[in-house]
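*Asks:* What follows is structure28.cif, made up of mmCIF, C-alpha atoms:
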data_run
#
loop_
_atom_site.label_atom_id
_atom_site.label_comp_id
_atom_site.auth_asym_id
_atom_site.auth_seq_id
_atom_site.Cartn_x
_atom_site.Cartn_y
_atom_site.Cartn_z
CA MET A 14 -45.71 33.74 50.49
CA PRO A 15 -42.99 35.94 48.91
CA LYS A 16 -44.02 39.26 47.54
CA LYS A 17 -44.46 39.23 43.76
CA ALA A 18 -42.40 41.86 41.92
CA ALA A 19 -44.27 44.51 39.99
CA GLU A 20 -44.17 43.98 36.26
CA LEU A 21 -42.10 46.76 34.71
CA GLY A 22 -42.50 48.03 31.17
CA ALA A 23 -39.77 48.47 28.55
CA LEU A 24 -39.48 52.23 29.18
CA GLN A 25 -39.13 51.73 32.92
CA VAL A 26 -36.44 49.12 32.41
CA SER A 27 -34.50 51.42 30.10
CA ARG A 28 -34.33 54.02 32.88
CA LEU A 29 -32.67 51.63 35.34
CA THR A 30 -29.08 52.87 35.27
CA ALA A 31 -27.93 52.92 38.89
CA GLU A 32 -25.80 49.98 40.08
CA GLY A 33 -27.82 47.13 41.54
CA ARG A 34 -30.24 44.26 40.79
CA TYR A 35 -33.79 45.07 39.79
CA ALA A 36 -36.67 42.58 39.74
CA VAL A 37 -38.63 43.35 36.55
CA GLY A 38 -41.62 41.01 37.14
CA GLY A 39 -43.42 38.90 34.58
CA VAL A 40 -41.34 35.83 35.51
CA ALA A 41 -40.34 35.03 39.07
CA GLY A 42 -36.67 35.63 39.73
CA LEU A 43 -35.96 37.69 36.59
CA HIS A 44 -33.65 40.63 37.28
CA LEU A 45 -31.82 43.33 35.41
CA TRP A 46 -28.31 43.54 36.80
CA VAL A 47 -26.67 46.95 36.46
CA LYS A 48 -22.93 46.84 37.08
CA ALA A 49 -20.72 49.68 38.32
CA SER A 50 -19.29 49.95 34.80
CA GLY A 51 -22.76 50.78 33.51
CA MET A 52 -23.17 47.48 31.65
CA ARG A 53 -26.58 45.84 32.08
CA SER A 54 -27.52 42.19 31.72
CA TRP A 55 -30.39 39.81 32.45
CA VAL A 56 -30.15 37.29 35.28
CA LEU A 57 -32.63 34.65 36.36
CA ARG A 58 -32.24 33.74 40.04
CA VAL A 59 -33.78 30.31 40.55
CA MET A 60 -33.46 27.08 42.54
CA VAL A 61 -31.98 24.19 40.55
CA GLY A 62 -32.37 21.09 42.68
CA ASP A 63 -31.16 22.16 46.10
CA GLN A 64 -28.90 24.94 44.78
CA ARG A 65 -29.71 28.56 44.08
CA LYS A 66 -28.19 29.65 40.78
CA ASP A 67 -27.98 32.82 38.74
CA ILE A 68 -28.55 32.02 35.08
CA GLY A 69 -27.32 34.65 32.62
CA LEU A 70 -29.80 35.41 29.81
CA GLY A 71 -27.84 37.97 27.81
CA GLY A 72 -27.10 41.67 27.83
CA PHE A 73 -29.49 44.58 27.65
CA PRO A 74 -30.54 46.13 25.29
CA ASP A 75 -29.37 43.42 22.84
CA VAL A 76 -31.83 41.12 24.61
CA THR A 77 -35.06 43.03 25.07
CA LEU A 78 -37.35 42.83 28.09
CA ALA A 79 -39.74 40.59 26.16
CA GLY A 80 -36.85 38.39 25.04
CA ALA A 81 -35.54 38.09 28.58
CA ARG A 82 -38.95 37.04 29.90
CA GLU A 83 -39.30 34.41 27.16
CA ALA A 84 -35.82 33.03 27.92
CA ALA A 85 -36.60 32.98 31.64
CA ARG A 86 -39.82 30.99 31.04
CA ARG A 87 -37.91 28.43 28.92
CA ALA A 88 -35.31 28.05 31.65
CA ARG A 89 -37.97 27.50 34.30
CA ASP A 90 -39.71 24.93 32.09
CA GLN A 91 -36.42 23.03 31.70
CA ILE A 92 -35.92 22.99 35.46
CA LEU A 93 -39.40 21.57 35.94
CA GLN A 94 -38.44 18.79 33.50
CA GLY A 95 -35.33 17.98 35.55
CA ILE A 96 -32.88 19.74 33.22
CA ASP A 97 -30.19 22.06 34.52
CA PRO A 98 -30.04 24.96 32.00
CA VAL A 99 -26.54 25.94 33.12
CA GLU A 100 -25.10 22.44 32.63
CA GLN A 101 -26.96 22.04 29.36
CA ARG A 102 -25.46 25.30 28.13
CA LYS A 103 -21.97 24.17 29.15
CA GLN A 104 -22.42 20.90 27.28
CA ALA A 105 -23.70 22.70 24.21
CA ARG A 106 -20.75 25.08 24.31
CA ALA A 107 -18.29 22.20 24.70
CA LEU A 108 -19.89 20.38 21.78
CA LEU A 109 -19.71 23.50 19.64
CA MET A 110 -16.04 23.98 20.51
CA ALA A 111 -15.31 20.34 19.71
CA GLN A 112 -17.12 20.57 16.39
CA SER A 113 -15.28 23.77 15.57
CA ALA A 114 -11.94 22.21 16.43
CA ALA A 115 -12.75 19.22 14.24
CA ALA A 116 -13.87 21.34 11.30
CA LYS A 117 -10.67 20.93 9.27
CA THR A 118 -10.40 21.33 5.53
CA PHE A 119 -8.53 18.90 3.32
CA GLU A 120 -5.85 21.52 2.67
CA GLN A 121 -5.37 22.08 6.41
CA CYS A 122 -5.12 18.35 7.00
CA THR A 123 -2.65 17.94 4.15
CA ARG A 124 -0.33 20.54 5.62
CA ALA A 125 -0.72 19.12 9.13
CA TYR A 126 -0.07 15.57 7.90
CA ILE A 127 3.12 16.63 6.12
CA GLU A 128 4.26 18.54 9.19
CA ALA A 129 3.57 15.54 11.42
CA ARG A 130 5.18 12.97 9.13
CA GLY A 131 7.78 15.20 7.51
CA GLU A 132 10.77 13.50 9.13
CA GLU A 133 9.99 10.38 7.11
CA TRP A 134 11.10 12.20 3.96
CA ARG A 135 14.88 12.37 4.19
CA ASN A 136 14.96 14.13 0.82
CA PRO A 137 13.25 17.56 0.95
CA LYS A 138 12.49 17.14 -2.74
CA HIS A 139 10.21 14.18 -2.02
CA ARG A 140 8.37 16.12 0.65
CA GLN A 141 7.80 19.00 -1.77
CA GLN A 142 6.64 16.63 -4.53
CA TRP A 143 4.16 15.09 -2.09
CA LEU A 144 2.68 18.51 -1.37
CA ASN A 145 2.81 19.70 -4.99
CA THR A 146 0.77 16.79 -6.36
CA LEU A 147 -2.08 17.35 -3.91
CA GLU A 148 -1.91 21.10 -4.38
CA THR A 149 -2.12 20.69 -8.15
CA TYR A 150 -4.72 17.95 -8.49
CA ALA A 151 -6.67 17.56 -5.23
CA TRP A 152 -6.97 21.03 -3.73
CA PRO A 153 -8.86 22.61 -6.67
CA VAL A 154 -11.60 20.01 -6.12
CA MET A 155 -11.66 19.51 -2.36
CA GLY A 156 -9.01 21.68 -0.75
CA ASP A 157 -11.65 23.88 0.90
CA LEU A 158 -13.97 21.01 1.82
CA LEU A 159 -14.13 19.81 5.41
CA VAL A 160 -12.54 16.37 5.53
CA ARG A 161 -15.63 15.01 7.29
CA ASP A 162 -17.66 15.89 4.19
CA ILE A 163 -15.37 14.31 1.56
CA GLN A 164 -17.04 11.40 -0.19
CA LEU A 165 -16.42 9.13 -3.18
CA PRO A 166 -17.65 11.64 -5.83
CA HIS A 167 -15.05 14.17 -4.69
CA VAL A 168 -12.23 11.63 -4.96
CA LEU A 169 -13.41 10.56 -8.42
CA ASP A 170 -13.58 14.20 -9.51
CA VAL A 171 -9.88 14.43 -8.68
CA LEU A 172 -8.75 11.14 -10.19
CA THR A 173 -10.91 10.55 -13.25
CA PRO A 174 -9.51 13.39 -15.43
CA ILE A 175 -5.92 12.16 -15.00
CA TRP A 176 -6.30 8.43 -14.44
CA LYS A 177 -5.60 7.47 -18.06
CA SER A 178 -3.46 10.39 -19.21
CA LYS A 179 -1.22 10.62 -16.13
CA THR A 180 -1.68 7.20 -14.59
CA GLU A 181 1.45 7.05 -12.43
CA THR A 182 0.82 10.53 -11.03
CA ALA A 183 -2.87 9.80 -10.49
CA SER A 184 -2.03 6.62 -8.60
CA ARG A 185 0.28 8.55 -6.31
CA VAL A 186 -2.35 11.24 -5.77
CA ARG A 187 -4.88 8.59 -4.79
CA GLY A 188 -2.51 7.06 -2.25
CA ARG A 189 -1.71 10.46 -0.80
CA ILE A 190 -5.37 11.41 -0.48
CA GLU A 191 -5.98 8.10 1.29
CA ALA A 192 -3.11 8.78 3.69
CA VAL A 193 -4.36 12.27 4.56
CA LEU A 194 -7.92 11.05 5.14
CA ASP A 195 -6.72 8.14 7.29
CA TRP A 196 -4.70 10.59 9.37
CA ALA A 197 -7.73 12.87 9.68
CA ALA A 198 -9.88 9.94 10.86
CA VAL A 199 -7.38 9.03 13.58
CA ARG A 200 -7.35 12.66 14.70
CA GLY A 201 -11.13 12.60 14.96
CA TYR A 202 -11.78 14.97 12.06
CA ARG A 203 -13.85 12.48 10.06
CA GLU A 204 -15.64 9.15 10.44
CA GLY A 205 -16.49 6.22 8.21
CA GLU A 206 -14.67 4.38 5.43
CA ASN A 207 -11.92 6.08 3.48
CA PRO A 208 -13.35 6.99 0.04
CA ALA A 209 -9.85 6.97 -1.50
CA ARG A 210 -9.02 3.37 -0.54
CA TRP A 211 -8.15 1.13 -3.47
CA LYS A 212 -8.75 -2.51 -2.55
CA GLY A 213 -12.39 -3.48 -2.57
CA HIS A 214 -13.46 0.03 -3.48
CA LEU A 215 -11.85 2.16 -6.19
CA ASP A 216 -10.47 -0.96 -7.86
CA HIS A 217 -14.09 -1.64 -8.93
CA LEU A 218 -14.43 1.81 -10.48
CA LEU A 219 -11.02 2.57 -12.03
CA SER A 220 -8.80 0.48 -14.29
CA HIS A 221 -5.78 -1.02 -12.61
CA PRO A 222 -2.79 1.28 -13.24
CA THR A 223 -0.64 -1.53 -14.65
CA LYS A 224 -3.31 -2.27 -17.25
CA ILE A 225 -3.32 1.20 -18.75
CA ALA A 226 0.25 2.43 -18.22
CA LYS A 227 3.41 0.46 -18.79
CA VAL A 228 6.04 0.74 -16.08
CA LYS A 229 8.97 2.78 -17.37
CA HIS A 230 12.32 1.68 -16.01
CA HIS A 231 15.34 3.94 -15.98
CA ALA A 232 17.06 3.64 -19.36
CA ALA A 233 20.44 1.94 -19.02
CA LEU A 234 23.48 1.97 -21.29
CA GLY A 235 24.36 -1.46 -22.63
CA VAL A 236 27.21 -3.34 -20.94
CA ASP A 237 29.27 -3.44 -24.12
CA ALA A 238 29.01 0.34 -24.54
CA MET A 239 30.52 1.21 -21.15
CA GLU A 240 34.18 1.49 -22.23
CA GLY A 241 33.31 3.82 -25.08
CA PHE A 242 31.05 5.95 -22.91
CA THR A 243 33.44 6.28 -19.98
CA SER A 244 36.26 7.15 -22.36
CA ALA A 245 34.15 9.95 -23.87
CA LEU A 246 32.99 11.02 -20.41
CA ARG A 247 36.56 11.61 -19.26
CA GLU A 248 36.89 14.14 -22.05
CA GLN A 249 33.98 16.18 -20.69
CA ALA A 250 34.72 19.27 -18.65
CA GLY A 251 32.98 20.34 -15.47
CA MET A 252 32.16 19.07 -11.99
CA GLY A 253 29.03 17.33 -13.27
CA ALA A 254 31.10 15.05 -15.53
CA LEU A 255 33.43 14.17 -12.64
CA ALA A 256 30.46 13.41 -10.38
CA LEU A 257 28.97 11.16 -13.07
CA GLN A 258 32.28 9.29 -13.39
CA PHE A 259 32.33 8.73 -9.64
CA ALA A 260 28.69 7.59 -9.65
CA ILE A 261 29.52 4.99 -12.32
CA LEU A 262 32.65 3.75 -10.52
CA THR A 263 30.78 3.35 -7.22
CA ALA A 264 27.39 2.24 -8.61
CA ALA A 265 25.89 4.83 -6.27
CA ARG A 266 22.71 6.85 -6.66
CA SER A 267 22.97 10.36 -8.06
CA GLY A 268 21.75 11.94 -4.82
CA GLU A 269 24.30 10.02 -2.75
CA VAL A 270 27.12 11.27 -4.99
CA ARG A 271 25.93 14.86 -5.15
CA GLY A 272 25.58 14.94 -1.37
CA ALA A 273 28.98 13.35 -0.67
CA ARG A 274 31.14 15.11 1.94
CA TRP A 275 34.90 14.86 2.40
CA GLY A 276 34.27 13.80 5.96
CA GLU A 277 32.76 10.58 4.58
CA ILE A 278 35.82 9.76 2.47
CA ASP A 279 38.82 7.77 3.72
CA LEU A 280 41.32 7.96 0.87
CA ALA A 281 44.00 6.00 2.73
CA GLY A 282 41.55 3.24 3.55
CA ARG A 283 39.94 3.50 0.07
CA LEU A 284 36.49 3.72 1.64
CA TRP A 285 33.43 5.97 1.32
CA THR A 286 30.99 5.68 4.25
CA ILE A 287 27.57 7.15 3.47
CA PRO A 288 25.57 7.93 6.64
CA GLY A 289 22.14 6.38 7.02
CA GLU A 290 20.28 9.69 6.80
CA ARG A 291 21.44 10.05 3.19
CA MET A 292 20.58 6.51 2.15
CA LYS A 293 17.26 5.44 0.67
CA ALA A 294 16.97 2.58 3.17
CA GLY A 295 18.10 4.77 6.07
CA VAL A 296 21.07 2.49 6.85
CA GLU A 297 24.75 3.39 6.71
CA HIS A 298 26.40 2.10 3.53
CA ARG A 299 30.13 1.49 3.03
CA VAL A 300 31.49 1.74 -0.51
CA PRO A 301 34.95 0.31 -1.30
CA LEU A 302 36.81 2.63 -3.67
CA SER A 303 38.65 1.35 -6.71
CA THR A 304 42.03 2.69 -7.77
CA GLN A 305 40.27 4.78 -10.43
CA ALA A 306 37.81 6.25 -7.90
CA VAL A 307 40.61 7.20 -5.51
CA LYS A 308 42.59 8.80 -8.34
CA LEU A 309 39.54 10.84 -9.36
CA LEU A 310 38.96 12.05 -5.79
CA LYS A 311 42.60 13.04 -5.29
CA ALA A 312 42.48 15.18 -8.42
CA LEU A 313 39.37 17.10 -7.35
CA PRO A 314 39.74 20.77 -6.41
CA ARG A 315 38.80 21.75 -2.86
CA VAL A 316 36.52 24.74 -2.20
CA GLU A 317 37.45 26.72 0.87
CA GLY A 318 34.73 26.64 3.49
CA SER A 319 32.89 23.74 1.83
CA ASP A 320 33.01 20.03 2.67
CA VAL A 321 31.10 19.05 -0.48
CA VAL A 322 33.09 16.61 -2.64
CA PHE A 323 31.46 17.68 -5.91
CA PRO A 324 30.57 21.34 -5.33
CA GLY A 325 28.54 23.54 -7.60
CA SER A 326 28.35 27.30 -7.40
CA LYS A 327 29.31 28.81 -4.05
CA GLY A 328 30.38 25.42 -2.74
CA GLN A 329 26.83 24.02 -2.67
CA PRO A 330 25.97 20.49 -3.88
CA LEU A 331 25.19 20.07 -7.57
CA SER A 332 21.54 20.18 -8.62
CA ASP A 333 19.69 16.96 -9.38
CA MET A 334 19.71 17.76 -13.11
CA THR A 335 23.47 18.36 -13.47
CA LEU A 336 24.45 14.75 -14.16
CA SER A 337 21.55 14.28 -16.57
CA ALA A 338 22.66 17.43 -18.41
CA VAL A 339 26.09 15.87 -18.96
CA MET A 340 24.48 12.88 -20.67
CA ARG A 341 22.34 15.14 -22.83
CA ARG A 342 25.41 17.07 -23.95
CA MET A 343 26.99 13.76 -24.92
CA GLU A 344 23.78 12.88 -26.82
CA VAL A 345 23.36 9.68 -24.82
CA ASP A 346 19.90 8.39 -24.01
CA GLY A 347 19.13 7.47 -20.43
CA VAL A 348 19.57 8.86 -16.96
CA PRO A 349 22.39 8.56 -14.41
CA HIS A 350 20.41 6.03 -12.38
CA GLY A 351 20.55 3.67 -15.36
CA PHE A 352 24.23 2.96 -14.78
CA ARG A 353 23.25 1.07 -11.64
CA SER A 354 21.28 -1.26 -13.90
CA THR A 355 24.27 -1.54 -16.24
CA PHE A 356 26.45 -2.47 -13.28
CA ARG A 357 23.92 -5.09 -12.20
CA ASP A 358 23.77 -6.56 -15.71
CA TRP A 359 27.57 -6.66 -15.86
CA ALA A 360 27.81 -8.48 -12.53
CA ALA A 361 25.20 -11.04 -13.56
CA GLU A 362 26.21 -11.60 -17.19
CA ARG A 363 29.94 -10.99 -17.33
CA THR A 364 31.20 -12.16 -13.91
CA ASN A 365 30.73 -14.99 -11.47
CA PHE A 366 30.59 -12.71 -8.45
CA PRO A 367 27.78 -13.90 -6.13
CA ARG A 368 24.45 -12.17 -6.54
CA GLU A 369 24.45 -10.85 -2.97
CA LEU A 370 27.65 -8.91 -3.64
CA ALA A 371 26.01 -6.90 -6.40
CA GLU A 372 22.90 -6.35 -4.29
CA MET A 373 25.03 -5.08 -1.42
CA ALA A 374 26.98 -2.81 -3.74
CA LEU A 375 23.69 -1.28 -4.86
CA ALA A 376 22.53 -0.95 -1.21
CA HIS A 377 19.34 -2.82 -2.01
CA THR A 378 17.14 -3.81 0.93
CA ILE A 379 17.05 -7.55 1.63
CA GLU A 380 13.43 -8.57 1.05
CA ASN A 381 13.84 -12.03 2.56
CA LYS A 382 13.50 -11.51 6.34
CA VAL A 383 15.25 -14.78 7.16
CA GLU A 384 18.22 -13.91 4.95
CA ALA A 385 18.36 -10.41 6.44
CA ALA A 386 18.34 -11.80 9.98
CA TYR A 387 21.34 -14.07 9.31
CA ARG A 388 23.41 -11.62 7.30
CA ARG A 389 25.80 -9.96 9.72
CA GLY A 390 28.59 -8.33 7.66
CA ASP A 391 28.64 -6.33 4.46
CA LEU A 392 31.28 -8.44 2.64
CA LEU A 393 33.41 -5.34 2.19
CA ALA A 394 36.63 -7.11 1.16
CA LYS A 395 34.86 -9.16 -1.49
CA ARG A 396 32.97 -6.10 -2.71
CA ALA A 397 36.29 -4.26 -3.04
CA GLN A 398 37.41 -6.93 -5.55
CA MET A 399 34.16 -6.55 -7.47
CA MET A 400 34.28 -2.74 -7.62
CA GLN A 401 37.88 -2.84 -8.87
CA ALA A 402 36.87 -5.34 -11.53
CA TRP A 403 33.99 -3.05 -12.53
CA ALA A 404 36.27 -0.01 -12.77
CA ASP A 405 38.74 -1.99 -14.88
CA PHE A 406 35.92 -3.23 -17.11
CA CYS A 407 34.76 0.35 -17.74
CA GLU A 408 38.22 1.18 -19.08
CA THR A 409 38.91 -1.92 -21.16
CA PRO A 410 37.30 -2.92 -24.45
CA VAL A 411 35.96 -6.44 -23.97
CA THR A 412 34.73 -9.12 -26.27
CA LYS A 413 31.02 -9.62 -25.84
CA GLY A 414 30.38 -12.58 -23.61
CA ASN A 415 33.71 -12.55 -21.82
CA VAL A 416 33.34 -13.47 -18.17
CA ILE A 417 35.48 -11.99 -15.40
CA ALA A 418 36.28 -14.62 -12.85
CA HIS A 419 35.80 -13.89 -9.18
CA ALA A 420 39.24 -14.02 -7.65
CA ARG A 421 39.37 -16.53 -4.83
CA LYS A 422 41.90 -16.62 -2.00
CA ARG A 423 43.98 -19.79 -1.91
#
I'd like the structure from this file rewritten - as structure tokens, please.

*Replies:*
Amino acid sequence: MPKKAAELGALQVSRLTAEGRYAVGGVAGLHLWVKASGMRSWVLRVMVGDQRKDIGLGGFPDVTLAGAREAARRARDQILQGIDPVEQRKQARALLMAQSAAAKTFEQCTRAYIEARGEEWRNPKHRQQWLNTLETYAWPVMGDLLVRDIQLPHVLDVLTPIWKSKTETASRVRGRIEAVLDWAAVRGYREGENPARWKGHLDHLLSHPTKIAKVKHHAALGVDAMEGFTSALREQAGMGALALQFAILTAARSGEVRGARWGEIDLAGRLWTIPGERMKAGVEHRVPLSTQAVKLLKALPRVEGSDVVFPGSKGQPLSDMTLSAVMRRMEVDGVPHGFRSTFRDWAAERTNFPRELAEMALAHTIENKVEAAYRRGDLLAKRAQMMQAWADFCETPVTKGNVIAHARKR
């Protein structure tokens, strides 16, 4: 029978300073381990199954003699119950680390989501708007909350104050919260249903957006007013006025015009090729240039060291408000985007050009999958006829109701 260690007192233990292991008694296998560095710690030497193990119980004097004996007794009791204290501690530590890693706040998840999905926003402005709406409306309520703790009341606290007064914004905020929480669930940061989902959930608690807020379309100048407007526009000074003229002649979006580069322009071939990364649909778009558009481009000044077609200060692209500012100076209601609607109305009401030509000119996505699958070309030659007819129309007073015939090859 092994010799039982004498039970040392607290004072005796405190005087153990020489390097070595000292059995302190009270619990079989309990030792104070004094290292060469002078640091002291508690170790329980015990058989676990068929293996002898040293189980650390903490440092001395942070863990007192009494505390070490109590911890040693608990460890021995666990072993008697078939539990390995060392493995149990490892599992507990792993669980704690996993829980800590999964303890993400809504703000942290928002930033991580945007970072992970950021390439989907080709326009940096959209990415910033996405962040700004959540920062403004959601973060004050639940930015510091762990995503695993976010429930329906938190979402309603965000949405209810703005649902009726800022319906369109509130609807976007809801969708963005839902997206962040879905992302967090996939990453393992939360479980359960998404409290921001609309169908079958929030649609029972909040009025449908279309019932409380009318959709506002971009204001468009009437077809009959185009000749008068373009005539007055040509009298306006500044790069913004020239960019707006070009946007009208090409039926392009403001951002596409402001971002145009000379490398995209083929004056000899009368063609503007917009790369996919600058298009809303992400697909390259070819724009046939009318005689008026080519003349405008040839007259533009070039800025040394800049490839921007319509440069602002220091050769940089114009801001997104420049074209709108031109319209305000002319005291004309509407926004630049509205001229795309005017072009579409002109094509439908004043010409017999096929509908698909106008849709292609506007670079609209084909919703019908069958039609999209069979459409191979972009009807460039026919669209060139249409864009020239549009440019001519914008310069010529017309009698209301006149129809421009679609020239056909014989």

*Asks:* As an exercise, work out the distance from CA of Glu204 in chain A to CA of Tyr150 in chain A in Å and give it to one decimal place.

*Replies:* 23.6 Å

*Asks:* Hey, can you check how far CA of Ser303 in chain A sits from CA of Glu344 in chain A?

*Replies:*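 Interatomic distance here is 27.5 Å.
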
*Asks:* Between CA of Leu302 in chain A and CA of Ala397 in chain A, what is the spacing in Å?

*Replies:*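 Atom-to-atom, CA of Ala397 in chain A to CA of Leu302 in chain A, that is 6.9 Å.
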
*Asks:* Taking the file as shown, find all residues satisfying the PyMOL selection byres ((chain A and resi 366-372) around 10) and write them as a ChimeraX atom specification.

*Replies:* /A:264,353,356-365,373-379,391-393,395-400,417-420

*Asks:* On this file, the PyMOL selection byres ((chain A and resi 225) around 12) gives some set of residues; write that set as an MDAnalysis selection string.

*Replies:* chainID A and resid 175:181 183:184 219:224 226:228

*Asks:* For Leu78 in chain A, work out the shell of residues within 8 Å, counting all atoms listed in the file and skipping chain neighbours fewer than 6 positions away, then give it as a PyMOL selection string.

*Replies:* chain A and resi 22-23+26

*Asks:* What residues come out when you apply the PyMOL selection byres ((chain A and resi 47-52) around 6) to this file, written as a list in words?

*Replies:*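 Listing what the PyMOL selection byres ((chain A and resi 47-52) around 6) selects in the shown file: Glu32, Gly33, Trp46 and Arg53 of chain A.
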
*Asks:* Excluding Ile278 in chain A and its own-chain neighbours fewer than 2 positions away, which residues fall within 12 Å of it when counting only C-alpha atoms? Please give them as a VMD selection string.

*Replies:* chain A and resid 270 273 to 276 280 to 288 299 to 302 306 to 307 310 to 311 320 to 322

*Asks:* Which of these, A:Ala192, A:Ala404, A:Leu29, A:Val186, has the shortest distance to Arg130 in chain A once you count only C-alpha atoms?

*Replies:*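 Looking at the shortest contact to Arg130 in chain A, the residue is A:Ala192.
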